[in-house]
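Dumped input21.cif below, it's mmCIF, C-alpha atoms:
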```cif
data_protein
loop_
_atom_site.label_atom_id
_atom_site.label_comp_id
_atom_site.auth_asym_id
_atom_site.auth_seq_id
_atom_site.Cartn_x
_atom_site.Cartn_y
_atom_site.Cartn_z
CA MET A 1 31.23 -12.44 25.81
CA THR A 2 33.89 -14.10 23.68
CA PHE A 3 33.12 -16.00 20.52
CA TYR A 4 33.76 -19.37 22.14
CA GLU A 5 31.56 -18.64 25.11
CA LEU A 6 28.80 -17.63 22.74
CA GLU A 7 29.29 -20.79 20.73
CA ARG A 8 29.06 -22.93 23.85
CA LEU A 9 25.91 -21.16 24.98
CA CYS A 10 24.44 -21.46 21.53
CA LYS A 11 25.08 -25.21 21.47
CA LYS A 12 23.48 -25.55 24.91
CA ARG A 13 20.45 -23.57 23.83
CA ARG A 14 20.01 -25.57 20.65
CA LEU A 15 20.40 -28.87 22.47
CA LYS A 16 17.78 -27.76 24.97
CA ARG A 17 15.43 -26.81 22.18
CA THR A 18 15.84 -30.09 20.31
CA LEU A 19 15.32 -32.03 23.56
CA LEU A 20 12.14 -30.08 24.20
CA ARG A 21 10.97 -30.80 20.69
CA ILE A 22 11.66 -34.53 21.08
CA LEU A 23 9.85 -34.54 24.42
CA PHE A 24 6.89 -32.78 22.87
CA LEU A 25 6.86 -35.28 20.02
CA PHE A 26 6.89 -38.19 22.47
CA PHE A 27 4.15 -36.56 24.46
CA CYS A 28 2.01 -36.20 21.35
CA ILE A 29 2.62 -39.81 20.34
CA GLY A 30 1.82 -40.95 23.90
CA VAL A 31 -1.40 -39.01 23.95
CA GLY A 32 -2.33 -40.42 20.56
CA ILE A 33 -1.67 -44.02 21.55
CA GLY A 34 -3.33 -43.56 24.93
CA SER A 35 -6.49 -42.16 23.45
CA TYR A 36 -6.58 -44.92 20.84
CA VAL A 37 -6.22 -47.64 23.46
CA PHE A 38 -8.79 -46.01 25.73
CA PHE A 39 -11.42 -45.64 23.03
CA ASP A 40 -10.70 -49.08 21.64
CA LYS A 41 -11.21 -50.65 25.08
CA SER A 42 -14.33 -48.69 25.78
CA ASP A 43 -15.78 -50.03 22.52
CA LYS A 44 -15.14 -53.63 23.63
CA ASN A 45 -16.17 -52.99 27.21
CA PRO A 46 -19.01 -55.44 28.13
CA ALA A 47 -20.83 -52.65 29.91
CA MET A 48 -20.74 -50.57 26.75
CA VAL A 49 -21.95 -53.50 24.65
CA LYS A 50 -24.81 -54.07 27.10
CA TYR A 51 -25.63 -50.40 26.97
CA GLN A 52 -25.69 -50.43 23.19
CA LYS A 53 -27.90 -53.52 23.18
CA THR A 54 -30.38 -51.96 25.55
CA LYS A 55 -30.26 -48.85 23.40
CA ILE A 56 -31.31 -50.87 20.35
CA GLU A 57 -34.01 -52.63 22.32
CA THR A 58 -35.43 -49.40 23.66
CA LYS A 59 -35.36 -47.98 20.19
CA SER A 60 -37.35 -50.89 18.78
CA SER A 61 -39.75 -50.89 21.69
CA THR A 62 -40.48 -47.23 21.18
CA LEU A 63 -40.95 -47.83 17.49
CA ILE A 64 -43.52 -50.55 17.84
CA PRO A 65 -46.52 -48.46 18.87
CA ILE A 66 -45.88 -45.99 16.06
CA VAL A 67 -46.04 -48.69 13.42
CA ASP A 68 -48.53 -50.84 15.21
CA LEU A 69 -51.14 -48.10 15.60
CA ASN A 70 -54.18 -50.15 14.68
CA ILE A 71 -52.61 -52.56 12.33
CA THR A 72 -53.48 -56.16 12.94
CA VAL A 73 -50.00 -57.46 12.55
CA ASP A 74 -48.33 -59.58 15.21
CA LYS A 75 -46.21 -57.52 17.56
CA LYS A 76 -43.55 -60.22 17.62
CA VAL A 77 -43.16 -60.10 13.86
CA VAL A 78 -42.82 -56.33 13.89
CA LYS A 79 -40.27 -56.56 16.71
CA LYS A 80 -38.25 -59.10 14.79
CA GLU A 81 -38.33 -57.03 11.66
CA HIS A 82 -37.20 -53.92 13.48
CA ASN A 83 -34.38 -55.65 15.29
CA LYS A 84 -33.20 -57.05 12.01
CA THR A 85 -33.17 -53.66 10.39
CA GLU A 86 -31.41 -52.08 13.36
CA VAL A 87 -28.68 -54.67 13.73
CA LYS A 88 -27.94 -55.54 10.12
CA LYS A 89 -27.83 -51.91 9.06
CA GLN A 90 -28.77 -51.62 5.43
CA LYS A 91 -27.31 -54.14 3.09
CA PRO A 92 -26.79 -52.70 -0.41
CA VAL A 93 -30.11 -53.15 -2.23
CA LYS A 94 -29.92 -54.62 -5.71
CA ILE A 95 -32.50 -53.05 -7.99
CA SER A 96 -33.84 -55.61 -10.44
CA LYS A 97 -37.06 -56.13 -12.40
CA LYS A 98 -38.11 -58.81 -9.92
CA ASN A 99 -37.72 -56.42 -7.04
CA ILE A 100 -39.77 -53.78 -8.77
CA LYS A 101 -42.55 -56.27 -9.55
CA GLU A 102 -42.64 -57.42 -5.97
CA ASP A 103 -42.76 -53.85 -4.88
CA ILE A 104 -45.78 -53.20 -7.06
CA LYS A 105 -47.50 -56.35 -5.81
CA HIS A 106 -47.05 -55.48 -2.21
CA GLU A 107 -47.33 -51.78 -2.68
CA ASN A 108 -50.20 -51.32 -0.32
CA LYS A 109 -48.59 -53.41 2.38
CA LYS A 110 -45.38 -51.48 2.11
CA ILE A 111 -47.10 -48.12 2.29
CA LEU A 112 -48.92 -49.26 5.36
CA SER A 113 -45.87 -50.63 7.10
CA THR A 114 -43.96 -47.38 6.87
CA ARG A 115 -43.79 -44.95 9.73
CA VAL A 116 -44.71 -42.08 7.48
CA MET A 117 -48.23 -43.37 6.74
CA PRO A 118 -50.76 -40.59 7.24
CA PRO A 119 -53.38 -40.97 9.97
CA TYR A 120 -56.79 -42.53 9.39
CA GLU A 121 -58.70 -39.32 8.76
CA ASN A 122 -56.19 -38.16 6.18
CA CYS A 123 -56.31 -41.50 4.38
CA ILE A 124 -60.10 -41.26 4.18
CA ALA A 125 -59.88 -37.69 2.91
CA ILE A 126 -57.39 -38.69 0.23
CA ALA A 127 -59.52 -41.69 -0.80
CA GLU A 128 -62.62 -39.49 -1.06
CA GLU A 129 -60.73 -36.95 -3.13
CA TYR A 130 -59.53 -39.66 -5.56
CA TYR A 131 -63.04 -41.07 -5.75
CA LYS A 132 -64.45 -37.62 -6.62
CA ARG A 133 -61.83 -37.18 -9.33
CA GLY A 134 -62.68 -40.60 -10.77
CA ASP A 135 -59.36 -42.23 -9.98
CA TYR A 136 -60.93 -45.33 -8.44
CA LYS A 137 -57.80 -47.41 -8.18
CA GLU A 138 -56.11 -44.77 -6.06
CA ALA A 139 -59.29 -44.37 -4.08
CA ILE A 140 -59.26 -48.11 -3.27
CA LYS A 141 -55.61 -47.95 -2.27
CA TRP A 142 -56.15 -45.12 0.19
CA ALA A 143 -59.39 -46.63 1.48
CA LYS A 144 -57.39 -49.78 2.27
CA ASN A 145 -54.79 -47.69 4.03
CA ALA A 146 -57.54 -46.24 6.17
CA ASN A 147 -59.20 -49.62 6.67
CA ILE A 148 -56.05 -51.17 8.07
CA GLN A 149 -55.89 -48.44 10.68
CA ASN A 150 -59.58 -48.66 11.62
CA LYS A 151 -61.76 -51.54 10.51
CA GLU A 152 -64.81 -50.49 12.50
CA ASP A 153 -65.47 -47.25 10.68
CA LYS A 154 -67.76 -47.78 7.66
CA ARG A 155 -66.39 -44.95 5.49
CA SER A 156 -63.38 -46.93 4.23
CA TRP A 157 -65.64 -49.90 3.40
CA ILE A 158 -68.11 -47.72 1.53
CA ILE A 159 -65.42 -45.96 -0.54
CA THR A 160 -63.83 -49.31 -1.45
CA ALA A 161 -67.17 -50.79 -2.47
CA LYS A 162 -68.23 -47.74 -4.46
CA SER A 163 -64.87 -47.64 -6.27
CA LEU A 164 -65.07 -51.35 -7.11
CA TYR A 165 -68.62 -50.80 -8.34
CA ALA A 166 -67.43 -47.95 -10.53
CA LEU A 167 -64.71 -50.19 -11.95
CA GLY A 168 -67.37 -52.72 -12.89
CA LYS A 169 -66.71 -55.19 -10.09
CA LYS A 170 -70.26 -55.28 -8.80
CA GLU A 171 -70.12 -58.67 -7.12
CA LYS A 172 -66.95 -57.90 -5.21
CA ALA A 173 -68.39 -54.59 -4.07
CA VAL A 174 -71.55 -56.16 -2.77
CA LYS A 175 -69.56 -58.94 -1.13
CA ILE A 176 -67.46 -56.45 0.78
CA LEU A 177 -70.47 -54.50 1.97
CA ARG A 178 -72.24 -57.66 3.10
CA LEU A 179 -69.20 -58.75 5.01
CA TYR A 180 -69.11 -55.47 6.89
CA ASN A 181 -72.84 -55.44 7.41
CA ARG A 182 -72.63 -58.82 9.05
CA TYR A 183 -70.56 -57.42 11.91
CA TYR A 184 -71.74 -53.81 11.99
CA PRO A 185 -75.22 -53.71 10.55
CA SER A 186 -76.48 -50.31 9.42
CA LEU A 187 -79.26 -48.90 7.23
CA GLU A 188 -76.89 -46.96 5.04
CA ILE A 189 -74.99 -50.11 4.07
CA GLU A 190 -78.14 -52.05 3.39
CA THR A 191 -79.55 -49.37 1.09
CA LEU A 192 -76.24 -49.21 -0.70
CA ILE A 193 -76.26 -53.00 -1.24
CA LYS A 194 -79.78 -52.77 -2.62
CA GLU A 195 -78.82 -49.96 -4.97
CA MET A 196 -75.87 -51.96 -6.28
CA GLN A 197 -77.89 -55.05 -6.83
CA LYS A 198 -80.42 -53.20 -9.01
CA MET B 199 37.99 -9.13 6.06
CA LEU B 200 34.43 -8.00 6.42
CA SER B 201 35.20 -4.64 7.96
CA ASP B 202 33.72 -2.58 5.10
CA LEU B 203 30.51 -4.54 5.20
CA ILE B 204 30.39 -4.33 8.99
CA ASN B 205 30.78 -0.56 8.84
CA GLU B 206 27.64 -0.37 6.68
CA PHE B 207 25.63 -1.58 9.67
CA LYS B 208 27.17 0.72 12.25
CA ASP B 209 24.66 2.74 14.20
CA VAL B 210 25.64 6.04 12.66
CA ILE B 211 23.31 8.59 11.09
CA ASN B 212 24.55 9.43 7.65
CA PRO B 213 21.98 11.46 5.66
CA LYS B 214 23.87 10.78 2.43
CA ASP B 215 23.28 7.07 2.77
CA VAL B 216 19.52 6.77 2.47
CA PHE B 217 17.50 3.64 2.14
CA ASN B 218 14.28 4.74 0.50
CA TYR B 219 11.26 2.70 1.43
CA PHE B 220 7.61 3.48 1.07
CA GLU B 221 6.74 4.50 4.65
CA PHE B 222 9.83 6.69 4.88
CA ASP B 223 8.96 8.59 1.71
CA VAL B 224 5.34 9.03 2.79
CA ALA B 225 6.37 10.43 6.18
CA LYS B 226 8.93 12.75 4.56
CA GLU B 227 6.37 14.13 2.10
CA GLU B 228 3.87 14.64 4.90
CA ILE B 229 6.35 16.62 6.96
CA ILE B 230 7.40 18.78 4.02
CA SER B 231 3.90 19.47 2.73
CA SER B 232 2.00 19.81 6.02
CA LYS B 233 0.38 23.20 6.68
CA SER B 234 -0.10 22.50 10.36
CA ASN B 235 2.07 24.54 12.75
CA ILE B 236 2.52 21.63 15.14
CA ILE B 237 3.55 18.23 13.83
CA PHE B 238 4.20 15.12 15.89
CA LEU B 239 6.45 12.50 14.32
CA LEU B 240 5.79 9.39 16.39
CA GLY B 241 7.40 5.98 16.34
CA ASP B 242 9.13 3.30 18.38
CA PRO B 243 12.76 3.89 19.39
CA GLY B 244 14.94 2.99 16.41
CA SER B 245 12.25 3.40 13.78
CA GLY B 246 14.18 6.17 11.98
CA LYS B 247 12.80 9.46 13.35
CA SER B 248 16.22 10.99 14.05
CA PHE B 249 17.44 9.87 10.65
CA MET B 250 14.42 11.50 9.06
CA PHE B 251 15.22 14.83 10.75
CA SER B 252 18.87 14.76 9.78
CA TYR B 253 17.87 13.82 6.24
CA ILE B 254 15.45 16.78 6.02
CA LYS B 255 17.99 19.15 7.53
CA TYR B 256 20.62 17.89 5.08
CA ASN B 257 18.36 18.36 2.05
CA TYR B 258 16.73 21.66 3.13
CA PRO B 259 19.42 23.40 5.18
CA LYS B 260 17.97 26.87 4.72
CA LYS B 261 14.42 25.97 5.59
CA TYR B 262 14.74 23.92 8.76
CA SER B 263 16.51 24.29 12.10
CA LEU B 264 17.39 21.07 13.89
CA ILE B 265 17.46 20.81 17.68
CA SER B 266 18.79 17.35 18.50
CA THR B 267 19.49 18.03 22.19
CA PRO B 268 16.31 19.71 23.44
CA TYR B 269 17.31 19.55 27.12
CA LYS B 270 20.06 22.10 26.41
CA LYS B 271 19.46 25.83 26.35
CA ILE B 272 17.82 27.13 23.20
CA THR B 273 19.95 29.67 21.33
CA SER B 274 19.05 32.20 18.64
CA SER B 275 20.69 29.99 15.99
CA ASP B 276 18.15 27.30 16.84
CA LEU B 277 15.41 29.70 15.79
CA ALA B 278 17.14 30.90 12.62
CA TYR B 279 14.52 29.35 10.34
CA LYS B 280 10.73 29.24 10.52
CA LYS B 281 10.60 25.48 10.59
CA ILE B 282 12.09 23.82 13.67
CA LEU B 283 12.78 20.12 13.98
CA ILE B 284 13.00 18.98 17.60
CA ASP B 285 14.37 15.49 18.16
CA GLU B 286 13.73 13.52 21.36
CA ALA B 287 11.00 16.01 22.25
CA GLN B 288 9.69 13.79 25.05
CA LEU B 289 12.67 15.16 27.04
CA LEU B 290 11.34 18.74 26.85
CA SER B 291 10.14 20.33 30.04
CA LYS B 292 6.59 21.68 30.28
CA GLU B 293 7.90 25.24 30.10
CA LYS B 294 9.81 24.50 26.90
CA LEU B 295 6.83 22.76 25.40
CA GLU B 296 4.75 25.85 26.18
CA TYR B 297 7.47 28.04 24.69
CA PHE B 298 7.39 26.11 21.39
CA ARG B 299 3.61 26.17 21.42
CA ILE B 300 3.77 30.00 21.64
CA LEU B 301 6.30 30.03 18.80
CA SER B 302 3.89 27.95 16.69
CA ASP B 303 1.22 30.61 17.28
CA ARG B 304 3.66 33.21 15.97
CA GLY B 305 4.03 31.45 12.61
CA TYR B 306 6.78 28.91 13.31
CA GLN B 307 6.26 25.35 12.29
CA ILE B 308 7.36 23.04 15.10
CA ILE B 309 8.00 19.40 14.35
CA PHE B 310 8.40 17.16 17.38
CA ALA B 311 9.93 13.69 17.10
CA MET B 312 8.90 11.53 20.05
CA HIS B 313 8.51 7.98 21.17
CA LYS B 314 5.05 6.82 20.30
CA GLU B 315 3.50 6.35 23.75
CA GLU B 316 4.95 9.50 25.31
CA GLY B 317 4.12 11.49 22.19
CA GLU B 318 0.50 10.43 22.30
CA LYS B 319 0.31 11.60 25.91
CA ILE B 320 1.89 14.98 25.11
CA ALA B 321 -0.34 15.45 22.05
CA ALA B 322 -3.32 14.96 24.34
CA PHE B 323 -2.34 17.97 26.47
CA PRO B 324 -5.10 20.64 26.31
CA GLN B 325 -2.80 23.28 24.75
CA PHE B 326 -2.08 20.91 21.84
CA ASN B 327 -5.39 19.11 21.73
CA SER B 328 -7.31 22.35 21.14
CA ARG B 329 -5.12 23.20 18.12
CA TYR B 330 -4.85 21.58 14.75
CA ILE B 331 -1.96 19.16 15.12
CA HIS B 332 -0.66 16.72 12.58
CA LYS B 333 0.45 13.28 13.74
CA ILE B 334 2.76 11.26 11.51
CA TYR B 335 3.69 7.71 12.39
CA MET B 336 6.94 5.96 11.50
CA PRO B 337 6.25 2.23 11.32
CA ASN B 338 8.83 -0.55 11.37
CA LEU B 339 10.12 -2.12 8.17
CA SER B 340 8.14 -4.87 6.51
CA PHE B 341 10.06 -8.07 5.75
CA SER B 342 10.45 -7.27 2.04
CA GLU B 343 11.80 -3.80 2.91
CA PHE B 344 14.13 -5.29 5.49
CA GLU B 345 15.34 -7.85 2.97
CA LYS B 346 15.93 -5.14 0.37
CA PHE B 347 17.84 -3.01 2.86
CA VAL B 348 20.14 -5.82 4.00
CA MET B 349 20.70 -7.33 0.59
CA SER B 350 21.50 -3.95 -0.96
CA LYS B 351 24.38 -3.60 1.50
CA PHE B 352 25.65 -7.14 0.91
CA ILE B 353 25.41 -6.77 -2.85
CA LYS B 354 27.18 -3.42 -2.67
CA HIS B 355 30.20 -5.22 -1.17
CA ASN B 356 29.79 -8.29 -3.35
CA ARG B 357 29.22 -10.58 -0.36
CA TYR B 358 25.64 -11.69 -1.06
CA GLU B 359 26.61 -15.35 -0.54
CA LEU B 360 26.96 -14.70 3.19
CA VAL B 361 23.25 -14.43 3.80
CA ASN B 362 20.06 -16.02 2.48
CA LYS B 363 16.34 -15.46 2.82
CA LYS B 364 15.92 -18.12 5.50
CA SER B 365 18.43 -16.53 7.81
CA LEU B 366 17.00 -13.07 7.09
CA LYS B 367 13.60 -14.34 8.15
CA LYS B 368 15.10 -15.57 11.41
CA ILE B 369 16.72 -12.20 12.03
CA TYR B 370 13.47 -10.42 11.21
CA LYS B 371 11.72 -12.58 13.79
CA TYR B 372 14.02 -11.13 16.45
CA THR B 373 14.10 -7.51 15.30
CA LYS B 374 10.52 -7.23 14.03
CA GLY B 375 11.67 -4.78 11.40
CA ASN B 376 13.03 -2.18 13.81
CA PHE B 377 15.61 -0.28 11.81
CA ARG B 378 18.20 0.28 14.52
CA LEU B 379 17.81 -3.18 16.00
CA SER B 380 18.13 -4.79 12.58
CA LYS B 381 21.36 -2.92 11.91
CA LYS B 382 22.66 -3.82 15.35
CA PHE B 383 21.79 -7.48 14.90
CA ILE B 384 23.46 -7.80 11.51
CA PHE B 385 26.43 -5.82 12.78
CA THR B 386 26.86 -8.36 15.60
CA ALA B 387 26.35 -11.33 13.28
CA LEU B 388 28.92 -10.00 10.82
CA SER B 389 31.40 -9.30 13.61
CA LEU B 390 31.08 -12.92 14.78
CA LEU B 391 31.42 -14.18 11.23
CA ASN B 392 34.49 -12.02 10.74
CA PHE B 393 36.03 -13.60 13.83
CA SER B 394 35.27 -17.01 12.39
CA PHE B 395 36.98 -16.08 9.12
CA GLU B 396 40.00 -14.71 10.90
CA HIS B 397 40.43 -17.85 13.00
CA SER B 398 39.48 -20.28 10.25
CA LEU B 399 36.51 -21.66 12.13
CA LYS B 400 33.67 -23.66 10.60
CA TYR B 401 31.21 -20.78 10.13
CA LYS B 402 31.29 -19.52 6.56
CA LYS B 403 28.05 -17.54 6.39
CA ILE B 404 25.28 -16.11 8.57
CA ASP B 405 23.62 -19.40 9.47
CA SER B 406 21.27 -20.31 12.28
CA CYS B 407 24.15 -20.78 14.71
CA ILE B 408 25.61 -17.33 14.07
CA ILE B 409 22.12 -15.85 14.40
CA GLU B 410 21.60 -17.70 17.67
CA MET B 411 24.95 -16.44 18.97
CA SER B 412 24.09 -12.88 17.96
CA ALA B 413 20.75 -13.19 19.73
CA ILE B 414 22.49 -14.33 22.90
CA GLU B 415 24.99 -11.49 22.62
CA LEU B 416 22.19 -8.92 22.23
CA GLY B 417 20.18 -10.37 25.09
CA PHE B 418 17.26 -11.91 23.18
#
```
Using structure tokens, write down the structure that the file contains.
Amino acid sequence: MTFYELERLCKKRRLKRTLLRILFLFFCIGVGIGSYVFFDKSDKNPAMVKYQKTKIETKSSTLIPIVDLNITVDKKVVKKEHNKTEVKKQKPVKISKKNIKEDIKHENKKILSTRVMPPYENCIAIAEEYYKRGDYKEAIKWAKNANIQNKEDKRSWIITAKSLYALGKKEKAVKILRLYNRYYPSLEIETLIKEMQK
Amino acid sequence: MLSDLINEFKDVINPKDVFNYFEFDVAKEEIISSKSNIIFLLGDPGSGKSFMFSYIKYNYPKKYSLISTPYKKITSSDLAYKKILIDEAQLLSKEKLEYFRILSDRGYQIIFAMHKEEGEKIAAFPQFNSRYIHKIYMPNLSFSEFEKFVMSKFIKHNRYELVNKKSLKKIYKYTKGNFRLSKKFIFTALSLLNFSFEHSLKYKKIDSCIIEMSAIELGF
């Protein structure tokens, strides 16, 4: 082949290569734009929005029984709270002294409203353990946790009363036991009331 | 204009003009120091096996006999020395192979240079496989070796401005470090460049266009 023939072929080959490169570039850009448009539309698609809504609803509905176990809180309120938390998605929490105080005030309530609250039997066991150790405040807290889950069982009432008694709150202790005894009368409670009143 | 430089890349075996690189020196030392009576020097076509033999023959003329055309009849002069270098040994007939095997048993050292695939097959023959044979491989040049080889030639003729690392990389992509192919490629590129100089064309060095043209000329 002569030099000029080679040069012509070379130019052809290079032109072909650059065209292929441009085509490939366009293809890539096309694919990029296409995928962006597709995913963008699918996000705004009413069917997708509906699906997401139902997803949230099903989530909250499945959550209710877990939280609601035996707690005497209105289902509607719980539902509302859950929907709020799901939809709003965590606003940045400002930590202030006020917040901390409120937290301490409603500590028991907050513990109880969480999904990680231990079951009734565990709460009772913890309360008993604190009572044995002499940590009566903690014992009361855990007895309350148990009481909210099951109000019929006397053990939580007894631990609370005993702890209050130990803390020097005789009247309150007796009051609690009488209240329980009114609905679920039992010999054990009565003897305990008598002992406290001595 | 560039004829001297072009001649440097001609496909001619000149044992005086050696480019020493690591793999070449290792293979040479292995051949010289091996105690095995049968040695296989294996490598792709153009990797420098024939050059190696001519180099050894040139440096040790009274130690080695060189048979570069093994398909021809073997004469007594071919067996003058106890060490026999046989180039293109894949062309040997079975009878000749057997003949050299017998010679190796009688104290001759036979060194076969073969293409890698065919050599591996021949080395697997039972008459060779049962004996202690030494296989030596001749690999292709690495890029740094290739660069050194090419640049040494260009610097020798004071024309180092004609080529740069980028274009050498492109050439290496085509030749993959094969010695003969590299020489052939640069020979073609320089010939085209020489034409350009003679006719006052736009090409002033080995650029991507000259490389592309050389590739077309060589059928890549």
Chain B contacts on chain A, all atoms listed in the file, 7 Å, as number ranges by chain: A: 3, 6-7, 10
Would you export the selected residues with C-alpha atoms as a compact mmCIF listing (two decimals), in the frame of the given file, please?
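Saved result, again08.txt, follows:
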```
# COMPACT_ATOMS: atom_id res chain seq x y z
CA PHE A 3 33.12 -16.00 20.52
CA LEU A 6 28.80 -17.63 22.74
CA GLU A 7 29.29 -20.79 20.73
CA CYS A 10 24.44 -21.46 21.53
```
Residue contacts of Ala278 in chain B (10 Å, all atoms listed in the file) excluding same-chain residues fewer than 6 positions away, as a ChimeraX atom specification: /B:260-264
Export of the given selection (C-alpha atoms) as an mmCIF file, keeping the file's coordinate frame:
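Saved file again10.cif follows:
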```cif
data_model
loop_
_atom_site.group_PDB
_atom_site.id
_atom_site.type_symbol
_atom_site.label_atom_id
_atom_site.label_comp_id
_atom_site.auth_asym_id
_atom_site.auth_seq_id
_atom_site.Cartn_x
_atom_site.Cartn_y
_atom_site.Cartn_z
ATOM 1 C CA LYS B 260 17.970 26.870 4.720
ATOM 2 C CA LYS B 261 14.420 25.970 5.590
ATOM 3 C CA TYR B 262 14.740 23.920 8.760
ATOM 4 C CA SER B 263 16.510 24.290 12.100
ATOM 5 C CA LEU B 264 17.390 21.070 13.890
#
```
I need the output of the PyMOL selection byres ((chain A and resi 172) around 12) for this file as a PDB file with C-alpha atoms, keeping the file's coordinate frame; which residues are they?
```pdb
ATOM      1  CA  TRP A 157     -65.640 -49.900   3.400  1.00  0.00           C
ATOM      2  CA  THR A 160     -63.830 -49.310  -1.450  1.00  0.00           C
ATOM      3  CA  ALA A 161     -67.170 -50.790  -2.470  1.00  0.00           C
ATOM      4  CA  LYS A 162     -68.230 -47.740  -4.460  1.00  0.00           C
ATOM      5  CA  SER A 163     -64.870 -47.640  -6.270  1.00  0.00           C
ATOM      6  CA  LEU A 164     -65.070 -51.350  -7.110  1.00  0.00           C
ATOM      7  CA  TYR A 165     -68.620 -50.800  -8.340  1.00  0.00           C
ATOM      8  CA  ALA A 166     -67.430 -47.950 -10.530  1.00  0.00           C
ATOM      9  CA  LEU A 167     -64.710 -50.190 -11.950  1.00  0.00           C
ATOM     10  CA  GLY A 168     -67.370 -52.720 -12.890  1.00  0.00           C
ATOM     11  CA  LYS A 169     -66.710 -55.190 -10.090  1.00  0.00           C
ATOM     12  CA  LYS A 170     -70.260 -55.280  -8.800  1.00  0.00           C
ATOM     13  CA  GLU A 171     -70.120 -58.670  -7.120  1.00  0.00           C
ATOM     14  CA  ALA A 173     -68.390 -54.590  -4.070  1.00  0.00           C
ATOM     15  CA  VAL A 174     -71.550 -56.160  -2.770  1.00  0.00           C
ATOM     16  CA  LYS A 175     -69.560 -58.940  -1.130  1.00  0.00           C
ATOM     17  CA  ILE A 176     -67.460 -56.450   0.780  1.00  0.00           C
ATOM     18  CA  LEU A 177     -70.470 -54.500   1.970  1.00  0.00           C
ATOM     19  CA  ARG A 178     -72.240 -57.660   3.100  1.00  0.00           C
ATOM     20  CA  LEU A 179     -69.200 -58.750   5.010  1.00  0.00           C
ATOM     21  CA  ILE A 193     -76.260 -53.000  -1.240  1.00  0.00           C
ATOM     22  CA  MET A 196     -75.870 -51.960  -6.280  1.00  0.00           C
ATOM     23  CA  GLN A 197     -77.890 -55.050  -6.830  1.00  0.00           C
TER      24      GLN A 197
END
```
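CA of Ser252 in chain B is positioned 20.5 Å from CA of Ser234 in chain B.
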Given the PyMOL selection byres ((chain B and resi 345) around 12), the residues it picks as an mmCIF file with C-alpha atoms, in the frame of the given file:
```cif
data_model
loop_
_atom_site.group_PDB
_atom_site.id
_atom_site.type_symbol
_atom_site.label_atom_id
_atom_site.label_comp_id
_atom_site.auth_asym_id
_atom_site.auth_seq_id
_atom_site.Cartn_x
_atom_site.Cartn_y
_atom_site.Cartn_z
ATOM 1 C CA PHE B 217 17.500 3.640 2.140
ATOM 2 C CA TYR B 219 11.260 2.700 1.430
ATOM 3 C CA LEU B 339 10.120 -2.120 8.170
ATOM 4 C CA SER B 340 8.140 -4.870 6.510
ATOM 5 C CA PHE B 341 10.060 -8.070 5.750
ATOM 6 C CA SER B 342 10.450 -7.270 2.040
ATOM 7 C CA GLU B 343 11.800 -3.800 2.910
ATOM 8 C CA PHE B 344 14.130 -5.290 5.490
ATOM 9 C CA LYS B 346 15.930 -5.140 0.370
ATOM 10 C CA PHE B 347 17.840 -3.010 2.860
ATOM 11 C CA VAL B 348 20.140 -5.820 4.000
ATOM 12 C CA MET B 349 20.700 -7.330 0.590
ATOM 13 C CA SER B 350 21.500 -3.950 -0.960
ATOM 14 C CA LYS B 351 24.380 -3.600 1.500
ATOM 15 C CA PHE B 352 25.650 -7.140 0.910
ATOM 16 C CA ILE B 353 25.410 -6.770 -2.850
ATOM 17 C CA TYR B 358 25.640 -11.690 -1.060
ATOM 18 C CA VAL B 361 23.250 -14.430 3.800
ATOM 19 C CA ASN B 362 20.060 -16.020 2.480
ATOM 20 C CA LYS B 363 16.340 -15.460 2.820
ATOM 21 C CA LYS B 364 15.920 -18.120 5.500
ATOM 22 C CA SER B 365 18.430 -16.530 7.810
ATOM 23 C CA LEU B 366 17.000 -13.070 7.090
ATOM 24 C CA LYS B 367 13.600 -14.340 8.150
ATOM 25 C CA LYS B 368 15.100 -15.570 11.410
ATOM 26 C CA ILE B 369 16.720 -12.200 12.030
ATOM 27 C CA TYR B 370 13.470 -10.420 11.210
ATOM 28 C CA GLY B 375 11.670 -4.780 11.400
ATOM 29 C CA PHE B 377 15.610 -0.280 11.810
ATOM 30 C CA SER B 380 18.130 -4.790 12.580
ATOM 31 C CA LYS B 381 21.360 -2.920 11.910
ATOM 32 C CA ILE B 384 23.460 -7.800 11.510
#
```
The PyMOL selection byres ((chain B and resi 266) around 12) resolved against shown file, as a PyMOL selection string: chain B and resi 247-252+255+263-265+267-272+276+282-290+309-312
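Using all atoms listed in the file, the smallest distance between any of B:Ile204, B:Ile254, B:Leu277, B:Leu360 and Ile229 in chain B comes from B:Ile254.
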